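Undergrad: This structure is in structure tokens; I'll ask about it shortly.
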Amino acid sequence: MGEHPAGVLDRVFTAVSDPTRRAILARLADSDARVTDVASDFPISLNSTSKHIRMLESAGLVRRTVRGREHILSLDAAPLAKAADWVEHYRSFWSDQLASLDAFVTGRENAETSS
Amino acid sequence: MTVEFAVKVRREIDAPAEDLFDAWLDAQSLGKWLKPRGIRETRAETDPRVGGRFRIVMVNDESFEHSGTYREIDRPRRLVFTWSSHATGFRESVVTVTFQPLFELDRGRDPSRRARGRGSQGLAPRGMVGRPA
């Protein structure tokens, strides 16, 4: 049972809970993009696009490289894998325990496999 | 903004809801079934009333402590307790266990006197990690 980086996960899940931010991630999955390019893809102001991007950056999902006056954004999917691991940890823990409860209450040891 | 995240698992178990429900609260029973792979022994202490606490220690080479407080005890339908452990970073999460009968037996001719069947009962526990309430 590994370390639980709670704060990071909160930020990742919060970041992907918003449809605009998910669309920005999908955009960056295709290719890196400038902040202004991303902003022009969505029917929202540059200001609110910037807010969404900052949330994605604080979750570690987006990296910003500054080249002169251009800010280039790129996707870092690693935190998403951590979030998926977190979900899988709880899913497998409780589904194994329910199999164990099943075996305990019904007295059948082969209850392990179904789910 | 805080979003609450929940992982949901579900299992159909061929046992009365009461038996399943009691297995979550009885310390001796917990010690027998709440034993993840690799754990040699589980020691549980429970105080099964709303506001009562539980402590579950799972032992292999190390020991892993889990603890929490019962928030709702509605036998045999719904059980809600907080859950804090190494895996939650010792932050409080909330586990909700609901028990749903898969069918009811008609025990008499009067349809208003249907009794809960002792056949198949469903179980749909839900583990949820959120902020302390």
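By order in the structure tokens, chains are A, B, ...; within a chain, residues start at 1; ligands start at 1, following the order shown.
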Mind listing the alpha helix (DSSP H) residues of range 25-114 of chain A, per DSSP on the backbone, as an NGL selection string?

TA: :A and (25-30 or 35-41 or 46-58 or 78-106)

Undergrad: Using only C-alpha atoms and a cut-off of 7 Å, which residues of chain B sit close to chain A? Please list them as a PDB file with all heavy atoms, in the first residue's frame.

TA:
```pdb
ATOM      1  N   THR B   2     -13.934  22.058  -4.027  1.00  0.00           N
ATOM      2  CA  THR B   2     -13.520  20.689  -3.721  1.00  0.00           C
ATOM      3  C   THR B   2     -14.507  19.723  -4.356  1.00  0.00           C
ATOM      4  O   THR B   2     -15.714  19.907  -4.269  1.00  0.00           O
ATOM      5  CB  THR B   2     -13.497  20.450  -2.207  1.00  0.00           C
ATOM      6  OG1 THR B   2     -12.634  21.414  -1.631  1.00  0.00           O
ATOM      7  CG2 THR B   2     -12.964  19.076  -1.886  1.00  0.00           C
ATOM      8  N   VAL B   3     -13.982  18.743  -5.024  1.00  0.00           N
ATOM      9  CA  VAL B   3     -14.826  17.735  -5.639  1.00  0.00           C
ATOM     10  C   VAL B   3     -14.664  16.470  -4.814  1.00  0.00           C
ATOM     11  O   VAL B   3     -13.570  16.184  -4.349  1.00  0.00           O
ATOM     12  CB  VAL B   3     -14.374  17.477  -7.096  1.00  0.00           C
ATOM     13  CG1 VAL B   3     -15.273  16.476  -7.770  1.00  0.00           C
ATOM     14  CG2 VAL B   3     -14.344  18.766  -7.881  1.00  0.00           C
ATOM     15  N   VAL B   7     -15.010   5.668  -5.280  1.00  0.00           N
ATOM     16  CA  VAL B   7     -14.828   4.428  -6.026  1.00  0.00           C
ATOM     17  C   VAL B   7     -15.958   3.513  -5.573  1.00  0.00           C
ATOM     18  O   VAL B   7     -16.207   3.369  -4.383  1.00  0.00           O
ATOM     19  CB  VAL B   7     -13.467   3.786  -5.706  1.00  0.00           C
ATOM     20  CG1 VAL B   7     -13.323   2.461  -6.438  1.00  0.00           C
ATOM     21  CG2 VAL B   7     -12.330   4.720  -6.082  1.00  0.00           C
ATOM     22  N   VAL B   9     -17.809  -0.237  -5.714  1.00  0.00           N
ATOM     23  CA  VAL B   9     -17.742  -1.651  -6.081  1.00  0.00           C
ATOM     24  C   VAL B   9     -19.038  -2.313  -5.638  1.00  0.00           C
ATOM     25  O   VAL B   9     -19.710  -1.854  -4.715  1.00  0.00           O
ATOM     26  CB  VAL B   9     -16.523  -2.388  -5.465  1.00  0.00           C
ATOM     27  CG1 VAL B   9     -15.225  -1.881  -6.063  1.00  0.00           C
ATOM     28  CG2 VAL B   9     -16.477  -2.249  -3.966  1.00  0.00           C
ATOM     29  N   ARG B  11     -21.211  -6.263  -5.311  1.00  0.00           N
ATOM     30  CA  ARG B  11     -21.136  -7.710  -5.393  1.00  0.00           C
ATOM     31  C   ARG B  11     -22.460  -8.323  -4.945  1.00  0.00           C
ATOM     32  O   ARG B  11     -23.054  -7.868  -3.976  1.00  0.00           O
ATOM     33  CB  ARG B  11     -20.012  -8.229  -4.486  1.00  0.00           C
ATOM     34  CG  ARG B  11     -19.758  -9.722  -4.663  1.00  0.00           C
ATOM     35  CD  ARG B  11     -18.643 -10.209  -3.759  1.00  0.00           C
ATOM     36  NE  ARG B  11     -18.399 -11.624  -3.916  1.00  0.00           N
ATOM     37  CZ  ARG B  11     -17.500 -12.158  -4.734  1.00  0.00           C
ATOM     38  NH1 ARG B  11     -16.737 -11.380  -5.465  1.00  0.00           N
ATOM     39  NH2 ARG B  11     -17.343 -13.454  -4.833  1.00  0.00           N
ATOM     40  N   ILE B  13     -24.190 -11.352  -3.208  1.00  0.00           N
ATOM     41  CA  ILE B  13     -23.800 -12.420  -2.287  1.00  0.00           C
ATOM     42  C   ILE B  13     -25.046 -13.185  -1.872  1.00  0.00           C
ATOM     43  O   ILE B  13     -26.064 -12.589  -1.501  1.00  0.00           O
ATOM     44  CB  ILE B  13     -23.068 -11.846  -1.053  1.00  0.00           C
ATOM     45  CG1 ILE B  13     -21.784 -11.126  -1.494  1.00  0.00           C
ATOM     46  CG2 ILE B  13     -22.754 -12.964  -0.046  1.00  0.00           C
ATOM     47  CD1 ILE B  13     -20.990 -10.509  -0.352  1.00  0.00           C
ATOM     48  N   ASP B  14     -24.945 -14.488  -1.926  1.00  0.00           N
ATOM     49  CA  ASP B  14     -26.073 -15.348  -1.632  1.00  0.00           C
ATOM     50  C   ASP B  14     -26.181 -15.554  -0.117  1.00  0.00           C
ATOM     51  O   ASP B  14     -25.831 -16.612   0.393  1.00  0.00           O
ATOM     52  CB  ASP B  14     -25.854 -16.690  -2.359  1.00  0.00           C
ATOM     53  CG  ASP B  14     -27.090 -17.579  -2.268  1.00  0.00           C
ATOM     54  OD1 ASP B  14     -28.143 -17.085  -1.807  1.00  0.00           O
ATOM     55  OD2 ASP B  14     -26.985 -18.751  -2.642  1.00  0.00           O
ATOM     56  N   ALA B  15     -26.611 -14.522   0.577  1.00  0.00           N
ATOM     57  CA  ALA B  15     -26.729 -14.594   2.033  1.00  0.00           C
ATOM     58  C   ALA B  15     -27.702 -13.529   2.499  1.00  0.00           C
ATOM     59  O   ALA B  15     -27.921 -12.534   1.805  1.00  0.00           O
ATOM     60  CB  ALA B  15     -25.362 -14.368   2.674  1.00  0.00           C
ATOM     61  N   LEU B  20     -24.727 -10.344   6.511  1.00  0.00           N
ATOM     62  CA  LEU B  20     -23.664  -9.544   5.890  1.00  0.00           C
ATOM     63  C   LEU B  20     -23.426  -8.267   6.682  1.00  0.00           C
ATOM     64  O   LEU B  20     -22.291  -7.892   6.975  1.00  0.00           O
ATOM     65  CB  LEU B  20     -24.048  -9.193   4.442  1.00  0.00           C
ATOM     66  CG  LEU B  20     -24.133 -10.387   3.500  1.00  0.00           C
ATOM     67  CD1 LEU B  20     -24.766  -9.985   2.183  1.00  0.00           C
ATOM     68  CD2 LEU B  20     -22.745 -10.972   3.261  1.00  0.00           C
ATOM     69  N   TRP B  33     -12.607 -11.948   7.998  1.00  0.00           N
ATOM     70  CA  TRP B  33     -12.748 -11.702   6.553  1.00  0.00           C
ATOM     71  C   TRP B  33     -11.995 -10.489   6.039  1.00  0.00           C
ATOM     72  O   TRP B  33     -11.623 -10.460   4.868  1.00  0.00           O
ATOM     73  CB  TRP B  33     -14.223 -11.649   6.138  1.00  0.00           C
ATOM     74  CG  TRP B  33     -15.009 -10.457   6.586  1.00  0.00           C
ATOM     75  CD1 TRP B  33     -15.790 -10.369   7.712  1.00  0.00           C
ATOM     76  CD2 TRP B  33     -15.129  -9.199   5.921  1.00  0.00           C
ATOM     77  NE1 TRP B  33     -16.363  -9.125   7.787  1.00  0.00           N
ATOM     78  CE2 TRP B  33     -15.977  -8.391   6.706  1.00  0.00           C
ATOM     79  CE3 TRP B  33     -14.601  -8.669   4.742  1.00  0.00           C
ATOM     80  CZ2 TRP B  33     -16.309  -7.086   6.356  1.00  0.00           C
ATOM     81  CZ3 TRP B  33     -14.933  -7.368   4.394  1.00  0.00           C
ATOM     82  CH2 TRP B  33     -15.777  -6.593   5.196  1.00  0.00           C
ATOM     83  N   LEU B  34     -11.786  -9.484   6.878  1.00  0.00           N
ATOM     84  CA  LEU B  34     -11.128  -8.264   6.363  1.00  0.00           C
ATOM     85  C   LEU B  34      -9.611  -8.455   6.414  1.00  0.00           C
ATOM     86  O   LEU B  34      -8.919  -7.923   7.268  1.00  0.00           O
ATOM     87  CB  LEU B  34     -11.565  -7.043   7.176  1.00  0.00           C
ATOM     88  CG  LEU B  34     -11.281  -5.683   6.528  1.00  0.00           C
ATOM     89  CD1 LEU B  34     -11.946  -5.540   5.176  1.00  0.00           C
ATOM     90  CD2 LEU B  34     -11.706  -4.550   7.436  1.00  0.00           C
ATOM     91  N   PRO B  36      -6.685  -8.543   3.667  1.00  0.00           N
ATOM     92  CA  PRO B  36      -6.158  -8.478   2.301  1.00  0.00           C
ATOM     93  C   PRO B  36      -5.003  -9.457   2.095  1.00  0.00           C
ATOM     94  O   PRO B  36      -4.393  -9.899   3.064  1.00  0.00           O
ATOM     95  CB  PRO B  36      -5.654  -7.042   2.169  1.00  0.00           C
ATOM     96  CG  PRO B  36      -6.317  -6.289   3.255  1.00  0.00           C
ATOM     97  CD  PRO B  36      -6.576  -7.267   4.352  1.00  0.00           C
ATOM     98  N   ALA B  87      -3.081   4.086   3.567  1.00  0.00           N
ATOM     99  CA  ALA B  87      -3.455   4.256   2.157  1.00  0.00           C
ATOM    100  C   ALA B  87      -4.194   5.563   1.893  1.00  0.00           C
ATOM    101  O   ALA B  87      -4.169   6.070   0.777  1.00  0.00           O
ATOM    102  CB  ALA B  87      -4.300   3.077   1.674  1.00  0.00           C
ATOM    103  N   THR B  88      -4.874   6.123   2.891  1.00  0.00           N
ATOM    104  CA  THR B  88      -5.559   7.406   2.668  1.00  0.00           C
ATOM    105  C   THR B  88      -4.666   8.562   3.101  1.00  0.00           C
ATOM    106  O   THR B  88      -5.119   9.707   3.162  1.00  0.00           O
ATOM    107  CB  THR B  88      -6.894   7.511   3.455  1.00  0.00           C
ATOM    108  OG1 THR B  88      -6.613   7.632   4.864  1.00  0.00           O
ATOM    109  CG2 THR B  88      -7.790   6.320   3.219  1.00  0.00           C
ATOM    110  N   GLY B  89      -3.406   8.261   3.409  1.00  0.00           N
ATOM    111  CA  GLY B  89      -2.512   9.300   3.910  1.00  0.00           C
ATOM    112  C   GLY B  89      -2.963   9.777   5.285  1.00  0.00           C
ATOM    113  O   GLY B  89      -2.714  10.894   5.682  1.00  0.00           O
TER     114      GLY B  89
END
```

Undergrad: Find the distance between CA of Glu41 in chain B and CA of Arg75 in chain B and write it in Å to one decimal.

TA: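 Straight-line distance from CA of Glu41 in chain B to CA of Arg75 in chain B works out to 27.3 Å.
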
Undergrad: Out of A:Asp41, A:Asp76, A:Glu109, A:Asp85, which residue has the shortest atom-to-atom distance to Ser58 in chain A when counting only C-alpha atoms?

TA: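 Selected residue with least distance to Ser58 in chain A: A:Asp76.
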
Undergrad: I need the residue nearest Leu75 in chain A from this list: A:Ala39, A:Ala33, A:Leu61, A:Ile53. Use only C-alpha atoms for the distance.

TA: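 Nearest candidate to Leu75 in chain A out of A:Ala39, A:Ala33, A:Leu61, A:Ile53: A:Leu61.
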
Undergrad: Might you pull out every residue within 10 Å of Glu18 in chain B, with only C-alpha atoms counted and same-chain residues fewer than 3 positions away left off, and present them as a ChimeraX atom specification?

TA: /B:15,21-23,75-77,99,118,121

Undergrad: Could you save the residues just selected, with N, CA, C and O atoms, as a PDB file, in the first residue's frame?

TA:
```
ATOM      1  N   ALA B  15     -26.611 -14.522   0.577  1.00  0.00           N
ATOM      2  CA  ALA B  15     -26.729 -14.594   2.033  1.00  0.00           C
ATOM      3  C   ALA B  15     -27.702 -13.529   2.499  1.00  0.00           C
ATOM      4  O   ALA B  15     -27.921 -12.534   1.805  1.00  0.00           O
ATOM      5  N   PHE B  21     -24.515  -7.635   7.060  1.00  0.00           N
ATOM      6  CA  PHE B  21     -24.425  -6.390   7.818  1.00  0.00           C
ATOM      7  C   PHE B  21     -23.650  -6.619   9.120  1.00  0.00           C
ATOM      8  O   PHE B  21     -22.724  -5.879   9.446  1.00  0.00           O
ATOM      9  N   ASP B  22     -24.022  -7.668   9.835  1.00  0.00           N
ATOM     10  CA  ASP B  22     -23.392  -7.925  11.135  1.00  0.00           C
ATOM     11  C   ASP B  22     -21.900  -8.221  11.001  1.00  0.00           C
ATOM     12  O   ASP B  22     -21.117  -7.898  11.896  1.00  0.00           O
ATOM     13  N   ALA B  23     -21.519  -8.817   9.872  1.00  0.00           N
ATOM     14  CA  ALA B  23     -20.109  -9.162   9.667  1.00  0.00           C
ATOM     15  C   ALA B  23     -19.221  -7.913   9.569  1.00  0.00           C
ATOM     16  O   ALA B  23     -18.014  -7.987   9.780  1.00  0.00           O
ATOM     17  N   ARG B  75     -29.438  -1.104  10.305  1.00  0.00           N
ATOM     18  CA  ARG B  75     -29.439  -2.536  10.021  1.00  0.00           C
ATOM     19  C   ARG B  75     -30.743  -2.954   9.372  1.00  0.00           C
ATOM     20  O   ARG B  75     -31.799  -2.604   9.894  1.00  0.00           O
ATOM     21  N   PRO B  76     -30.761  -3.742   8.323  1.00  0.00           N
ATOM     22  CA  PRO B  76     -29.617  -4.224   7.544  1.00  0.00           C
ATOM     23  C   PRO B  76     -29.504  -3.520   6.189  1.00  0.00           C
ATOM     24  O   PRO B  76     -29.346  -4.183   5.164  1.00  0.00           O
ATOM     25  N   ARG B  77     -29.664  -2.211   6.184  1.00  0.00           N
ATOM     26  CA  ARG B  77     -29.721  -1.513   4.895  1.00  0.00           C
ATOM     27  C   ARG B  77     -28.475  -0.714   4.572  1.00  0.00           C
ATOM     28  O   ARG B  77     -27.962  -0.761   3.452  1.00  0.00           O
ATOM     29  N   PHE B  99     -26.946  -2.358   1.399  1.00  0.00           N
ATOM     30  CA  PHE B  99     -27.359  -3.748   1.203  1.00  0.00           C
ATOM     31  C   PHE B  99     -28.729  -3.710   0.556  1.00  0.00           C
ATOM     32  O   PHE B  99     -29.661  -3.130   1.105  1.00  0.00           O
ATOM     33  N   ARG B 118     -34.774 -14.745   2.519  1.00  0.00           N
ATOM     34  CA  ARG B 118     -33.470 -15.159   3.043  1.00  0.00           C
ATOM     35  C   ARG B 118     -32.645 -15.800   1.936  1.00  0.00           C
ATOM     36  O   ARG B 118     -31.806 -16.628   2.177  1.00  0.00           O
ATOM     37  N   GLN B 121     -29.136 -11.857  -1.590  1.00  0.00           N
ATOM     38  CA  GLN B 121     -29.153 -10.463  -1.185  1.00  0.00           C
ATOM     39  C   GLN B 121     -28.000  -9.785  -1.883  1.00  0.00           C
ATOM     40  O   GLN B 121     -26.957 -10.373  -2.082  1.00  0.00           O
TER      41      GLN B 121
END
```

Undergrad: Which is closer to Ala23 in chain A than all the others in A:Thr36, A:Gly107, A:Ala84, A:Phe42, using only C-alpha atoms?

TA: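 Result for the nearest residue to Ala23 in chain A: A:Phe42.
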
Undergrad: Identify, on the basis of only C-alpha atoms, every residue whose closest approach to range 52-63 of chain B does not exceed 6 Å; exclude the query and any residue fewer than 5 positions from it along the same chain; express the result as a list of chain:residue names.

TA: B:Ile39, B:Arg40, B:Glu41, B:Thr42, B:Arg43, B:Ala44, B:Glu45, B:Thr46, B:Asp47, B:Gly68, B:Thr69, B:Tyr70

Undergrad: Can you list, as an NGL selection string, every residue of range 4-101 of chain B that DSSP puts in strand (DSSP E)?

TA: :B and (5-8 or 11-13 or 41-46 or 53-59 or 63-74 or 78-83 or 93-101)

Undergrad: Between B:Gly38, B:Arg49, B:Trp24, B:Ala17, which residue has the minimum interatomic distance to Val95 in chain B, considering only C-alpha atoms?

TA: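 Smallest distance to Val95 in chain B is found for B:Trp24.
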